[in-house]
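Raw run33.txt, compact mmCIF, C-alpha atoms:
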```txt
# COMPACT_ATOMS: atom_id res chain seq x y z
CA MET K 9 -52.05 10.20 21.37
CA GLU K 10 -53.24 9.26 24.82
CA GLY K 11 -54.66 5.96 25.83
CA PHE K 12 -53.50 3.53 23.21
CA ALA K 13 -50.55 3.42 20.93
CA GLN K 14 -51.92 2.82 17.48
CA GLY K 15 -48.67 1.33 16.33
CA ARG K 16 -47.14 1.14 12.93
CA SER K 17 -49.44 0.97 10.01
CA SER K 18 -49.14 -2.07 7.81
CA ASP K 19 -51.16 -2.45 4.69
CA VAL K 20 -51.43 -6.17 4.47
CA LEU K 21 -52.17 -8.57 7.29
CA ASP K 22 -52.09 -12.34 7.09
CA VAL K 23 -55.01 -14.69 7.61
CA HIS K 24 -54.21 -15.29 11.27
CA GLU K 25 -54.21 -11.59 12.05
CA ARG K 26 -57.43 -11.33 10.07
CA ALA K 27 -59.04 -14.03 12.21
CA ARG K 28 -57.88 -12.29 15.39
CA PHE K 29 -59.28 -8.98 14.13
CA GLU K 30 -62.63 -10.59 13.39
CA GLN K 31 -62.68 -12.09 16.84
CA LEU K 32 -61.57 -9.05 18.85
CA VAL K 33 -62.54 -5.93 16.92
CA LEU K 34 -65.36 -6.70 14.53
CA PRO K 35 -67.87 -7.48 17.32
CA HIS K 36 -67.69 -3.76 18.19
CA LEU K 37 -68.85 -2.62 14.77
CA ASP K 38 -72.25 -1.57 16.14
CA ALA K 39 -70.61 0.59 18.83
CA ALA K 40 -68.34 2.09 16.18
CA PHE K 41 -71.26 2.91 13.92
CA ASN K 42 -73.32 4.32 16.78
CA LEU K 43 -70.53 6.69 17.86
CA ALA K 44 -70.01 7.87 14.27
CA ARG K 45 -73.73 8.29 13.76
CA TRP K 46 -74.06 10.60 16.77
CA LEU K 47 -70.88 12.50 16.04
CA LEU K 48 -71.76 13.10 12.39
CA ARG K 49 -75.56 13.22 12.80
CA SER K 50 -76.06 11.38 9.56
CA ARG K 51 -76.41 7.67 8.90
CA GLU K 52 -75.09 7.95 5.38
CA ASP K 53 -71.90 9.81 6.31
CA SER K 54 -71.48 7.49 9.29
CA GLU K 55 -71.43 4.45 7.03
CA ASP K 56 -68.58 5.88 4.98
CA VAL K 57 -66.62 7.05 8.00
CA THR K 58 -67.15 3.80 9.93
CA GLN K 59 -65.94 1.86 6.93
CA GLU K 60 -62.86 4.03 6.67
CA ALA K 61 -62.21 3.75 10.42
CA MET K 62 -62.55 -0.03 10.33
CA LEU K 63 -60.00 -0.28 7.57
CA ARG K 64 -57.67 2.05 9.47
CA ALA K 65 -58.11 -0.10 12.56
CA TYR K 66 -57.24 -3.14 10.49
CA ARG K 67 -54.08 -1.50 9.21
CA PHE K 68 -53.09 -0.47 12.72
CA PHE K 69 -54.05 -3.84 14.17
CA ARG K 70 -50.45 -5.03 14.58
CA GLY K 71 -50.00 -2.16 17.04
CA PHE K 72 -52.85 -3.46 19.20
CA HIS K 73 -51.35 -5.69 21.86
CA GLY K 74 -54.44 -6.79 23.71
CA GLY K 75 -56.52 -4.89 26.24
CA ASP K 76 -59.77 -3.07 25.62
CA ALA K 77 -60.48 -3.66 21.93
CA ARG K 78 -63.70 -1.65 21.98
CA ALA K 79 -62.00 1.45 23.42
CA TRP K 80 -59.12 0.99 20.96
CA LEU K 81 -61.55 0.85 18.03
CA LEU K 82 -63.73 3.72 19.27
CA GLN K 83 -60.66 5.92 19.62
CA ILE K 84 -59.89 5.33 15.94
CA VAL K 85 -63.53 5.92 14.97
CA ARG K 86 -63.62 9.14 16.93
CA ASN K 87 -60.41 10.41 15.35
CA THR K 88 -61.68 9.52 11.89
CA CYS K 89 -64.93 11.36 12.62
CA TYR K 90 -63.09 14.50 13.74
CA THR K 91 -60.88 14.44 10.68
CA TRP K 92 -64.01 14.16 8.56
CA LEU K 93 -65.72 17.02 10.44
CA GLU K 94 -62.68 19.26 10.13
CA LYS K 95 -62.74 18.73 6.41
CA ASN K 96 -66.49 18.82 5.78
CA ARG K 97 -68.08 20.81 8.62
CA PRO K 98 -65.38 22.85 10.35
CA VAL K 99 -67.89 25.22 11.93
CA GLU K 100 -69.26 22.46 14.13
CA LEU K 101 -65.92 22.05 15.87
CA MET K 102 -65.56 25.67 16.83
CA THR K 103 -67.57 25.46 20.06
CA GLU K 104 -65.56 26.16 23.20
CA PHE K 105 -65.50 23.07 25.34
CA ASP K 106 -64.28 24.76 28.52
CA GLU K 107 -67.28 26.90 29.09
CA GLU K 108 -68.18 27.58 32.70
CA LEU K 109 -70.60 25.27 34.39
CA HIS K 110 -73.73 27.31 34.69
CA PRO K 111 -75.87 27.05 37.80
CA GLN K 112 -78.34 24.19 37.44
CA PRO K 113 -81.54 25.37 35.75
CA SER K 114 -84.69 24.54 37.61
CA VAL K 115 -85.63 21.43 35.72
CA SER K 116 -87.97 19.09 37.49
CA PRO K 117 -87.45 15.36 37.15
CA GLU K 118 -91.08 15.04 36.14
CA SER K 119 -90.94 17.47 33.22
CA LEU K 120 -87.66 15.89 32.14
CA ALA K 121 -89.21 12.44 32.20
CA ILE K 122 -92.08 13.60 30.02
CA ALA K 123 -89.77 15.30 27.49
CA GLY K 124 -87.37 12.37 27.56
CA ASP K 125 -90.09 9.90 26.74
CA ASN K 126 -90.17 11.21 23.22
CA ARG K 127 -87.35 9.47 21.40
CA GLU K 128 -87.33 11.92 18.51
CA ARG K 129 -87.17 14.89 20.83
CA LEU K 130 -84.41 13.33 22.89
CA GLY K 131 -82.42 12.51 19.76
CA ARG K 132 -82.82 16.03 18.39
CA ALA K 133 -81.80 17.54 21.73
CA LEU K 134 -78.68 15.38 21.74
CA GLU K 135 -77.87 16.52 18.21
CA THR K 136 -77.98 20.19 19.20
CA LEU K 137 -75.06 19.69 21.60
CA PRO K 138 -71.54 20.41 20.40
CA PRO K 139 -69.74 17.19 19.34
CA ARG K 140 -67.50 17.14 22.41
CA PHE K 141 -70.51 17.07 24.72
CA ARG K 142 -72.36 14.66 22.51
CA GLU K 143 -69.55 12.13 22.44
CA VAL K 144 -69.13 11.84 26.22
CA LEU K 145 -72.88 11.34 26.60
CA VAL K 146 -73.04 8.72 23.87
CA LEU K 147 -70.05 6.87 25.29
CA ARG K 148 -71.34 6.99 28.86
CA GLU K 149 -75.10 6.59 28.45
CA LEU K 150 -75.47 4.61 25.23
CA GLU K 151 -72.28 2.56 25.25
CA GLY K 152 -71.81 2.30 29.01
CA CYS K 153 -68.13 3.23 28.91
CA SER K 154 -66.20 3.81 32.15
CA TYR K 155 -64.45 7.12 32.83
CA LYS K 156 -61.16 5.41 32.05
CA GLU K 157 -62.43 4.27 28.64
CA ILE K 158 -63.92 7.68 27.89
CA ALA K 159 -60.57 9.28 28.71
CA ALA K 160 -58.76 6.87 26.39
CA ILE K 161 -61.23 7.31 23.53
CA THR K 162 -61.64 11.08 23.66
CA ALA K 163 -58.14 12.06 24.84
CA ILE K 164 -59.65 14.01 27.76
CA PRO K 165 -57.57 13.67 30.96
CA ILE K 166 -59.33 11.15 33.21
CA GLY K 167 -59.68 13.74 35.97
CA THR K 168 -61.89 15.91 33.78
CA VAL K 169 -64.21 13.22 32.39
CA MET K 170 -66.63 13.73 35.27
CA SER K 171 -66.90 17.48 34.78
CA ALA K 172 -67.24 17.03 31.02
CA LEU K 173 -70.15 14.68 31.64
CA ALA K 174 -71.68 17.10 34.17
CA ARG K 175 -71.60 19.89 31.61
CA ALA K 176 -72.89 17.68 28.83
CA ARG K 177 -75.83 16.51 30.94
CA GLN K 178 -76.68 20.05 31.87
CA ARG K 179 -76.63 21.08 28.21
CA LEU K 180 -78.84 18.17 27.28
CA GLN K 181 -81.38 19.04 29.95
CA ARG K 182 -81.53 22.61 28.74
CA ALA K 183 -81.91 21.48 25.12
CA LEU K 184 -84.64 19.11 26.13
CA MET K 185 -86.55 21.78 27.99
CA GLN K 186 -86.50 24.12 25.00
CA PRO K 187 -89.78 23.92 23.19
CA PRO K 188 -89.27 21.91 20.01
CA VAL K 189 -88.93 24.09 16.93
CA GLU K 190 -92.17 22.86 15.41
CA GLU K 191 -94.10 23.64 18.58
CA ALA K 192 -92.56 27.05 19.14
CA PRO K 193 -95.11 29.87 19.18
CA ARG K 194 -95.05 31.78 15.94
CA GLY K 195 -96.07 35.36 15.50
CA LEU K 196 -98.94 35.93 13.15
CA MET L 23 -77.46 26.80 44.57
CA GLY L 24 -73.80 26.10 44.20
CA CYS L 25 -73.21 23.13 46.50
CA ASP L 26 -69.63 21.96 45.97
CA TYR L 27 -70.64 18.33 45.98
CA THR L 28 -72.83 18.84 42.93
CA ARG L 29 -69.71 19.66 40.98
CA THR L 30 -67.18 17.36 42.59
CA ALA L 31 -68.94 14.13 43.46
CA LEU L 32 -72.51 13.88 42.24
CA HIS L 33 -71.78 12.70 38.69
CA GLY L 34 -69.07 10.33 39.85
CA TYR L 35 -71.59 8.90 42.30
CA LEU L 36 -74.25 8.65 39.59
CA ASP L 37 -71.80 6.85 37.31
CA GLY L 38 -70.52 4.51 39.99
CA GLU L 39 -67.01 5.88 39.63
CA LEU L 40 -66.41 6.94 43.23
CA ASP L 41 -64.42 4.70 45.53
CA ALA L 42 -66.18 3.26 48.58
CA SER L 43 -65.15 5.93 51.07
CA ARG L 44 -66.03 8.88 48.79
CA SER L 45 -69.28 7.22 47.89
CA ALA L 46 -70.20 6.81 51.56
CA GLU L 47 -69.19 10.40 52.21
CA PHE L 48 -71.46 11.63 49.42
CA GLU L 49 -74.38 9.56 50.72
CA ARG L 50 -73.97 11.15 54.16
CA HIS L 51 -73.95 14.57 52.50
CA LEU L 52 -77.00 13.71 50.42
CA GLU L 53 -79.13 13.17 53.55
CA GLY L 54 -78.78 16.80 54.51
CA CYS L 55 -78.47 18.56 51.11
CA ARG L 56 -81.77 19.17 49.31
CA GLU L 57 -80.03 20.65 46.30
CA CYS L 58 -77.90 17.57 45.65
CA ALA L 59 -80.90 15.29 46.23
CA LYS L 60 -82.92 17.17 43.62
CA VAL L 61 -80.10 17.31 41.08
CA LEU L 62 -79.44 13.61 41.54
CA GLU L 63 -83.11 12.84 40.96
CA THR L 64 -83.10 14.95 37.80
CA GLU L 65 -79.94 13.27 36.50
CA GLU L 66 -81.34 9.84 37.19
CA SER L 67 -84.48 10.81 35.31
CA LEU L 68 -82.39 11.94 32.34
CA ARG L 69 -80.34 8.78 32.42
CA SER L 70 -83.36 6.51 32.46
CA ALA L 71 -84.85 8.55 29.58
CA LEU L 72 -81.66 8.05 27.56
CA GLN L 73 -81.54 4.36 28.35
CA ARG L 74 -85.21 3.83 27.53
CA SER L 75 -84.93 5.82 24.33
CA SER L 76 -83.26 3.15 22.22
CA LEU L 77 -81.11 5.84 20.63
CA CYS L 78 -78.41 3.24 19.95
CA GLU L 79 -78.17 2.52 16.25
CA SER L 80 -76.78 -0.70 14.83
CA ALA L 81 -74.55 -0.90 11.78
CA PRO L 82 -76.52 -1.82 8.65
CA ARG L 83 -75.88 -5.29 7.30
CA SER L 84 -74.69 -3.85 3.98
CA LEU L 85 -71.95 -1.93 5.83
CA ARG L 86 -70.77 -5.10 7.54
CA LYS L 87 -70.56 -6.80 4.14
CA LYS L 88 -68.60 -3.93 2.61
CA ILE L 89 -66.14 -3.94 5.50
CA LEU L 90 -65.60 -7.69 5.24
CA ALA L 91 -64.90 -7.31 1.54
CA GLU L 92 -62.35 -4.58 2.27
CA LEU L 93 -60.68 -6.75 4.89
CA ASP L 94 -60.40 -9.50 2.29
CA ALA L 95 -58.65 -7.11 -0.05
CA ALA L 96 -56.24 -6.07 2.72
CA THR L 97 -55.41 -9.63 3.77
CA SER L 98 -52.52 -11.49 2.23
CA VAL L 99 -52.93 -15.13 1.36
CA PRO L 100 -49.77 -17.00 2.39
CA ILE L 101 -47.85 -18.90 -0.27
CA THR L 102 -48.76 -22.30 1.17
CA GLU L 103 -52.43 -21.41 0.97
CA ARG L 104 -52.01 -20.12 -2.55
CA VAL L 105 -50.54 -23.48 -3.47
CA SER L 106 -53.39 -25.21 -1.77
CA VAL L 107 -55.84 -23.12 -3.75
CA TRP L 108 -54.21 -24.43 -6.91
CA ARG L 109 -54.21 -27.89 -5.47
CA TRP L 110 -57.93 -27.59 -4.86
CA VAL L 111 -58.38 -26.40 -8.42
CA ALA L 112 -56.31 -29.31 -9.68
CA LEU L 113 -58.21 -31.72 -7.46
CA ALA L 114 -61.53 -30.32 -8.66
CA ALA L 115 -60.37 -30.71 -12.26
CA ALA L 116 -59.22 -34.27 -11.57
CA ILE L 117 -62.54 -35.13 -9.95
CA LEU L 118 -64.42 -33.71 -12.92
CA LEU L 119 -62.24 -35.72 -15.25
CA VAL L 120 -62.74 -38.90 -13.26
CA ALA L 121 -66.45 -38.23 -13.14
CA ALA L 122 -66.54 -37.70 -16.88
CA VAL L 123 -64.39 -40.74 -17.62
CA SER L 124 -66.22 -43.02 -15.23
CA TRP L 125 -69.54 -41.83 -16.59
CA TYR L 126 -68.32 -42.91 -19.96
CA ALA L 127 -66.63 -46.07 -18.71
CA TRP L 128 -69.27 -47.13 -16.28
CA PRO L 129 -72.59 -45.66 -17.27
CA GLY L 130 -74.12 -47.28 -14.22
CA SER L 131 -71.97 -45.31 -11.81
CA GLY L 132 -74.23 -42.33 -12.37
CA PRO L 133 -76.68 -41.37 -9.69
CA LEU L 134 -79.79 -42.62 -11.47
CA THR L 135 -79.32 -46.28 -12.13
CA ARG L 136 -76.87 -48.90 -11.17
CA ASN L 137 -75.96 -50.48 -14.46
CA PRO L 138 -75.05 -54.15 -14.26
CA ALA L 139 -71.99 -53.26 -16.34
CA SER L 140 -70.34 -51.49 -13.39
CA PRO L 141 -68.20 -53.41 -10.89
CA PRO L 142 -69.56 -54.14 -7.40
CA PHE L 143 -67.23 -51.60 -5.76
CA THR L 144 -66.47 -47.94 -6.12
CA ALA L 145 -63.53 -46.28 -7.82
CA SER L 146 -62.26 -44.93 -4.51
CA GLU L 147 -62.34 -48.40 -2.90
CA LEU L 148 -60.40 -49.69 -5.87
CA ILE L 149 -57.75 -46.94 -5.74
CA ASP L 150 -57.47 -47.20 -1.95
CA ALA L 151 -56.85 -50.94 -2.22
CA HIS L 152 -54.25 -50.35 -4.90
CA ILE L 153 -52.41 -47.68 -2.88
CA ARG L 154 -52.57 -49.83 0.26
CA SER L 155 -50.95 -52.70 -1.63
CA LEU L 156 -48.00 -50.51 -2.58
CA GLN L 157 -47.05 -49.93 1.06
CA PRO L 158 -44.08 -52.01 2.20
CA GLY L 159 -44.97 -55.65 2.77
CA HIS L 160 -48.51 -55.36 1.47
CA LEU L 161 -48.11 -56.19 -2.20
CA THR L 162 -48.12 -59.97 -2.10
CA ASP L 163 -49.08 -62.73 0.29
CA VAL L 164 -47.41 -65.23 -1.96
CA ALA L 165 -44.40 -63.97 -3.86
CA SER L 166 -43.69 -66.07 -6.85
CA THR L 167 -43.17 -65.66 -10.55
CA ASP L 168 -44.49 -69.16 -10.99
CA GLN L 169 -48.16 -69.33 -11.87
CA HIS L 170 -48.18 -72.91 -10.63
CA THR L 171 -47.24 -71.69 -7.19
CA VAL L 172 -49.59 -68.75 -7.11
CA LYS L 173 -52.71 -70.55 -8.33
CA PRO L 174 -52.69 -73.33 -5.71
CA TRP L 175 -51.98 -70.77 -3.00
CA PHE L 176 -55.51 -69.40 -3.46
CA ASP L 177 -57.04 -72.85 -2.96
CA GLY L 178 -59.06 -73.04 0.20
CA LYS L 179 -58.70 -69.33 0.83
CA LEU L 180 -61.48 -68.27 -1.49
CA ASP L 181 -64.72 -69.81 -2.72
CA PHE L 182 -63.55 -69.48 -6.29
CA ALA L 183 -60.39 -70.22 -8.27
CA PRO L 184 -58.99 -67.21 -10.10
CA PRO L 185 -57.29 -67.92 -13.42
CA VAL L 186 -53.56 -67.29 -12.99
CA LYS L 187 -51.21 -66.79 -15.91
CA ASP L 188 -47.70 -65.40 -16.18
CA PHE L 189 -46.94 -62.95 -19.02
CA ALA L 190 -43.22 -62.54 -18.43
CA ASP L 191 -42.53 -63.14 -22.11
CA GLU L 192 -44.85 -60.28 -23.03
CA GLY L 193 -43.20 -57.90 -20.54
CA PHE L 194 -45.62 -58.42 -17.65
CA PRO L 195 -44.01 -60.89 -15.26
CA LEU L 196 -46.29 -62.26 -12.52
CA VAL L 197 -44.76 -61.34 -9.17
CA GLY L 198 -47.30 -62.89 -6.82
CA GLY L 199 -50.80 -62.90 -5.44
CA ARG L 200 -52.68 -61.90 -2.34
CA LEU L 201 -56.11 -61.74 -0.75
CA ASP L 202 -57.84 -58.44 -0.45
CA VAL L 203 -61.27 -57.06 0.41
CA LEU L 204 -63.06 -54.87 -2.08
CA GLY L 205 -66.58 -53.54 -1.76
CA GLY L 206 -67.00 -55.78 1.27
CA ARG L 207 -66.09 -58.92 -0.65
CA ASN L 208 -63.03 -61.15 -0.53
CA VAL L 209 -61.19 -60.93 -3.79
CA ALA L 210 -58.10 -62.46 -5.33
CA VAL L 211 -55.38 -60.12 -6.51
CA LEU L 212 -52.77 -61.02 -9.10
CA VAL L 213 -49.74 -58.76 -9.13
CA TYR L 214 -47.83 -58.13 -12.32
CA ALA L 215 -44.76 -56.00 -12.85
CA ARG L 216 -44.12 -53.64 -15.72
CA ARG L 217 -40.52 -52.46 -15.48
CA LYS L 218 -40.46 -50.84 -12.01
CA HIS L 219 -44.24 -50.43 -11.76
CA PHE L 220 -46.85 -52.82 -10.47
CA VAL L 221 -50.27 -53.76 -11.73
CA ASN L 222 -52.92 -55.09 -9.38
CA VAL L 223 -55.50 -57.26 -11.10
CA PHE L 224 -58.50 -57.75 -8.83
CA VAL L 225 -60.49 -60.87 -9.61
CA LEU L 226 -63.82 -61.97 -8.21
CA PRO L 227 -66.65 -64.18 -9.47
CA THR L 228 -69.73 -62.71 -11.12
CA LYS L 229 -73.02 -63.96 -12.51
CA GLU L 230 -73.19 -61.10 -15.01
CA PRO L 231 -72.60 -61.77 -18.72
CA ASP L 232 -69.25 -61.08 -20.36
CA THR L 233 -68.33 -57.57 -21.37
CA PRO L 234 -65.53 -56.16 -23.49
CA ILE L 235 -62.73 -54.25 -21.79
CA HIS L 236 -64.35 -50.98 -20.82
CA PRO L 237 -62.70 -47.64 -21.51
CA PRO L 238 -60.24 -46.65 -18.79
CA GLY L 239 -61.07 -44.93 -15.54
CA LEU L 240 -58.70 -42.42 -13.98
CA ARG L 241 -58.25 -41.17 -10.46
CA GLN L 242 -55.35 -39.72 -8.44
CA GLY L 243 -52.91 -40.53 -11.22
CA TYR L 244 -53.95 -44.17 -11.42
CA GLN L 245 -55.93 -45.76 -14.21
CA TRP L 246 -57.98 -48.87 -14.25
CA LEU L 247 -59.62 -51.16 -16.74
CA HIS L 248 -62.64 -53.26 -15.99
CA TRP L 249 -64.19 -56.20 -17.80
CA ARG L 250 -66.01 -59.47 -17.28
CA HIS L 251 -65.05 -62.70 -18.81
CA GLN L 252 -66.25 -66.24 -18.24
CA GLY L 253 -67.89 -65.66 -14.88
CA MET L 254 -65.09 -63.51 -13.50
CA GLU L 255 -64.97 -59.82 -12.88
CA TYR L 256 -61.58 -58.21 -13.49
CA CYS L 257 -60.22 -54.85 -12.61
CA ALA L 258 -56.62 -53.97 -13.47
CA VAL L 259 -55.18 -50.91 -11.72
CA SER L 260 -51.80 -49.24 -12.13
CA ASP L 261 -49.90 -46.04 -12.75
CA ILE L 262 -48.51 -47.40 -16.02
CA SER L 263 -49.77 -45.99 -19.29
CA VAL L 264 -53.26 -46.85 -20.43
CA ALA L 265 -51.76 -48.48 -23.55
CA ASP L 266 -49.59 -50.81 -21.44
CA LEU L 267 -52.46 -51.54 -19.11
CA HIS L 268 -54.69 -52.33 -22.05
CA GLU L 269 -52.07 -54.68 -23.41
CA LEU L 270 -52.03 -56.64 -20.17
CA ALA L 271 -55.83 -56.63 -19.99
CA GLN L 272 -55.99 -58.16 -23.46
CA LEU L 273 -53.46 -60.83 -22.50
CA ILE L 274 -55.58 -61.79 -19.50
CA TYR L 275 -58.81 -61.62 -21.52
CA GLN L 276 -57.66 -64.19 -24.06
```
Representation of the structure as C-alpha cells:
Amino acid sequence: MEGFAQGRSSDVLDVHERARFEQLVLPHLDAAFNLARWLLRSREDSEDVTQEAMLRAYRFFRGFHGGDARAWLLQIVRNTCYTWLEKNRPVELMTEFDEELHPQPSVSPESLAIAGDNRERLGRALETLPPRFREVLVLRELEGCSYKEIAAITAIPIGTVMSALARARQRLQRALMQPPVEEAPRGL
Amino acid sequence: MGCDYTRTALHGYLDGELDASRSAEFERHLEGCRECAKVLETEESLRSALQRSSLCESAPRSLRKKILAELDAATSVPITERVSVWRWVALAAAILLVAAVSWYAWPGSGPLTRNPASPPFTASELIDAHIRSLQPGHLTDVASTDQHTVKPWFDGKLDFAPPVKDFADEGFPLVGGRLDVLGGRNVAVLVYARRKHFVNVFVLPTKEPDTPIHPPGLRQGYQWLHWRHQGMEYCAVSDISVADLHELAQLIYQ
C-alpha cells in the first residue's frame, strides 16, 4: 500500500492510545463520512462503512506514527469503501480510469456558473462520475487535499494526480451540461 | 484546441501545485494563449460552483455516538484502573453507609435542619483531626498516664476545664492530652490506649442539654461516639471495635 503503512492490527488499545486517537483521528470524522458518502452515494451505507472504517483505523492505530492523520484515516475509509463496493456494487468499479482526455467541450463559464448554482444538479452530476473521478474531485474540491495527500489516499502516483483531476473536471463539466433527466425532452 | 499547457500545467496552476518558476512560465504563456485563458476561466467557475454548493456532508451525531461506543468496547482498562473502579465502588458504598449511619446517629446532620443533638463539627473534620493526631509526634502535647498531670496541663490553655480520668484498670490507660482545633473551635483531647490502638476523646463545652451516647458513626474505617454530659460535648474516635469504644464512652459518661 502506498502512502502510509497501516501497521499491525491490534484488537485492544489502552486508554492512552484511545485518548491519542480521539485527539488526532476523531476530529476527521466529518471528512471520513463525506468521502464515504460521495463514494457510496448513500448516507445510510456511508454510516455503516464509516463506522467500520473508524474501527479499522482504531485497530491499526499503533501503526500510525504521526504525520497527516486525516490522509491516514481517509486512506482507510477509501479502502473500506472500495471493499464494500466490490462486494455490493461491482459494476460501478468497472469503468476504465485511463480513458483518453477528450478535447475540451465548448462549455462557457457563464453556462457552467448557472448550472453549478443548483446544488442538487451539481450533486447529481458528481454522482454520475465513476468513483475514481468522484473521489479525486471530492478530495480536492470539498476537502482541500493537496496532490501529495490525494496520492497517498487514493494510491495514484503523485505524478498522475493532476491529469486525474483534469479528466475528472472535464467529466463533471460534461455531466453538468447534460440536461437533467427530469427536464429532458420527451417524445409524445 | 490541444494546447499542451492545458494538459501539463493548467490544473497544477489552478490547484496551486506548481513551483514558482513553472507558475511564472504558465502565466507568461497565459497572456498569449486564448484557449488556456478560456479553459482556466471555466475551471475556476466550476471550482467556485463546487465550493459554493455546500456539498460537504457532516457525520450525523448518532454515528459519532455509535463509534465512541465501539471504541469503548475496543479499549482495555488497565489493571490499576480496574482496581480504582472497585475502590470507587467501595468508597461509594462506604459513603452511603456513613450517610445512613450518621443520619441515624445525628438526625440533624441531614440537609434540612441542624438538630441541636449533632456536634458543632462535621464527621470529616473529626476524622481528619483523628488521623492527623496519629502522625508521629502529633498524638499528645502532654504525655502522661497520670490524670493529675494531664488535667492541670490544660489550665490556662483553654477557657474550660475538661474532666480527666484514667481508666487503666478497665483496660483504657490514659496516655496524655493535647490541644486541637475542631470546627473552628479550640478543644481538649484526651488520649487513651486500647492495646496498640489509640482513642481520641474530643471535649469541648456546650450549652445544650445532656444526651445519651448516640449510636456510632463510621467513616474511613474509624468509628466515633458522640454524647453530651454536664455541659460538655464529647466525641470519642478510634479504629477499635464499637463495643470497646462504647465501653470507654460509658466509663467517661459516669
Produce a table with one row for each residue of stretch 119-205 of chain L that has an atom at most 10 Å from any atom of stretch 209-232 of chain L, each row naming the nearest atom pair and its distance in Å at one decimal; use all atoms listed in the file; arrange rows by chain and rising residue number; format as JSON lines.
```
{"residue": "L:Pro138", "atom": "CA", "partner": "L:Glu230", "partner_atom": "CA", "distance": 7.2}
{"residue": "L:Ala139", "atom": "CA", "partner": "L:Glu230", "partner_atom": "CA", "distance": 8.0}
{"residue": "L:Pro141", "atom": "CA", "partner": "L:Thr228", "partner_atom": "CA", "distance": 9.4}
{"residue": "L:Pro142", "atom": "CA", "partner": "L:Thr228", "partner_atom": "CA", "distance": 9.3}
{"residue": "L:Leu148", "atom": "CA", "partner": "L:Phe224", "partner_atom": "CA", "distance": 8.8}
{"residue": "L:Ala151", "atom": "CA", "partner": "L:Asn222", "partner_atom": "CA", "distance": 9.2}
{"residue": "L:His152", "atom": "CA", "partner": "L:Asn222", "partner_atom": "CA", "distance": 6.7}
{"residue": "L:Ile153", "atom": "CA", "partner": "L:Asn222", "partner_atom": "CA", "distance": 9.9}
{"residue": "L:Ser155", "atom": "CA", "partner": "L:Asn222", "partner_atom": "CA", "distance": 8.3}
{"residue": "L:Leu156", "atom": "CA", "partner": "L:Phe220", "partner_atom": "CA", "distance": 8.3}
{"residue": "L:Leu161", "atom": "CA", "partner": "L:Val213", "partner_atom": "CA", "distance": 7.6}
{"residue": "L:Thr162", "atom": "CA", "partner": "L:Val213", "partner_atom": "CA", "distance": 7.3}
{"residue": "L:Asp163", "atom": "CA", "partner": "L:Val211", "partner_atom": "CA", "distance": 9.6}
{"residue": "L:Val164", "atom": "CA", "partner": "L:Leu212", "partner_atom": "CA", "distance": 9.9}
{"residue": "L:Ala165", "atom": "CA", "partner": "L:Val213", "partner_atom": "CA", "distance": 9.1}
{"residue": "L:Ser166", "atom": "CA", "partner": "L:Val213", "partner_atom": "CA", "distance": 9.8}
{"residue": "L:Thr167", "atom": "CA", "partner": "L:Tyr214", "partner_atom": "CA", "distance": 9.0}
{"residue": "L:Gln169", "atom": "CA", "partner": "L:Leu212", "partner_atom": "CA", "distance": 9.9}
{"residue": "L:Val172", "atom": "CA", "partner": "L:Leu212", "partner_atom": "CA", "distance": 8.6}
{"residue": "L:Lys173", "atom": "CA", "partner": "L:Leu212", "partner_atom": "CA", "distance": 9.6}
{"residue": "L:Phe176", "atom": "CA", "partner": "L:Ala210", "partner_atom": "CA", "distance": 7.6}
{"residue": "L:Lys179", "atom": "CA", "partner": "L:Ala210", "partner_atom": "CA", "distance": 9.2}
{"residue": "L:Leu180", "atom": "CA", "partner": "L:Val209", "partner_atom": "CA", "distance": 7.7}
{"residue": "L:Asp181", "atom": "CA", "partner": "L:Pro227", "partner_atom": "CA", "distance": 9.0}
{"residue": "L:Phe182", "atom": "CA", "partner": "L:Pro227", "partner_atom": "CA", "distance": 6.9}
{"residue": "L:Ala183", "atom": "CA", "partner": "L:Ala210", "partner_atom": "CA", "distance": 8.6}
{"residue": "L:Pro184", "atom": "CA", "partner": "L:Val225", "partner_atom": "CA", "distance": 6.5}
{"residue": "L:Pro185", "atom": "CA", "partner": "L:Val225", "partner_atom": "CA", "distance": 8.6}
{"residue": "L:Val186", "atom": "CA", "partner": "L:Leu212", "partner_atom": "CA", "distance": 7.4}
{"residue": "L:Lys187", "atom": "CA", "partner": "L:Leu212", "partner_atom": "CA", "distance": 9.1}
{"residue": "L:Asp188", "atom": "CA", "partner": "L:Tyr214", "partner_atom": "CA", "distance": 8.2}
{"residue": "L:Phe189", "atom": "CA", "partner": "L:Tyr214", "partner_atom": "CA", "distance": 8.3}
{"residue": "L:Ala190", "atom": "CA", "partner": "L:Ala215", "partner_atom": "CA", "distance": 8.7}
{"residue": "L:Glu192", "atom": "CA", "partner": "L:Arg216", "partner_atom": "CA", "distance": 9.9}
{"residue": "L:Gly193", "atom": "CA", "partner": "L:Arg216", "partner_atom": "CA", "distance": 6.5}
{"residue": "L:Phe194", "atom": "CA", "partner": "L:Arg216", "partner_atom": "CA", "distance": 5.4}
{"residue": "L:Pro195", "atom": "CA", "partner": "L:Ala215", "partner_atom": "CA", "distance": 5.5}
{"residue": "L:Leu196", "atom": "CA", "partner": "L:Tyr214", "partner_atom": "CA", "distance": 4.4}
{"residue": "L:Val197", "atom": "CA", "partner": "L:Tyr214", "partner_atom": "CA", "distance": 5.4}
{"residue": "L:Gly198", "atom": "CA", "partner": "L:Val213", "partner_atom": "CA", "distance": 5.3}
{"residue": "L:Gly199", "atom": "CA", "partner": "L:Leu212", "partner_atom": "CA", "distance": 4.6}
{"residue": "L:Arg200", "atom": "CA", "partner": "L:Val211", "partner_atom": "CA", "distance": 5.3}
{"residue": "L:Leu201", "atom": "CA", "partner": "L:Ala210", "partner_atom": "CA", "distance": 5.0}
{"residue": "L:Asp202", "atom": "CA", "partner": "L:Val209", "partner_atom": "CA", "distance": 5.3}
{"residue": "L:Val203", "atom": "CA", "partner": "L:Val209", "partner_atom": "CA", "distance": 5.7}
{"residue": "L:Leu204", "atom": "CA", "partner": "L:Val209", "partner_atom": "CA", "distance": 6.6}
{"residue": "L:Gly205", "atom": "CA", "partner": "L:Val209", "partner_atom": "CA", "distance": 9.4}
```
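A straight line drawn from atom CA of K:Arg179 to atom CA of K:Leu137 is 6.9 Å long.
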Original post:
When the cut-off is 8 Å and we count all atoms listed in the file, which residues of chain K are near chain L, given as number ranges by chain?
Top reply: K: 19-23, 26, 37-39, 41-42, 45, 55, 59, 62-63, 66, 111-112, 115-118, 120-121, 124-127, 130-131, 149-150, 154-155, 170-171, 173-174, 177, 181
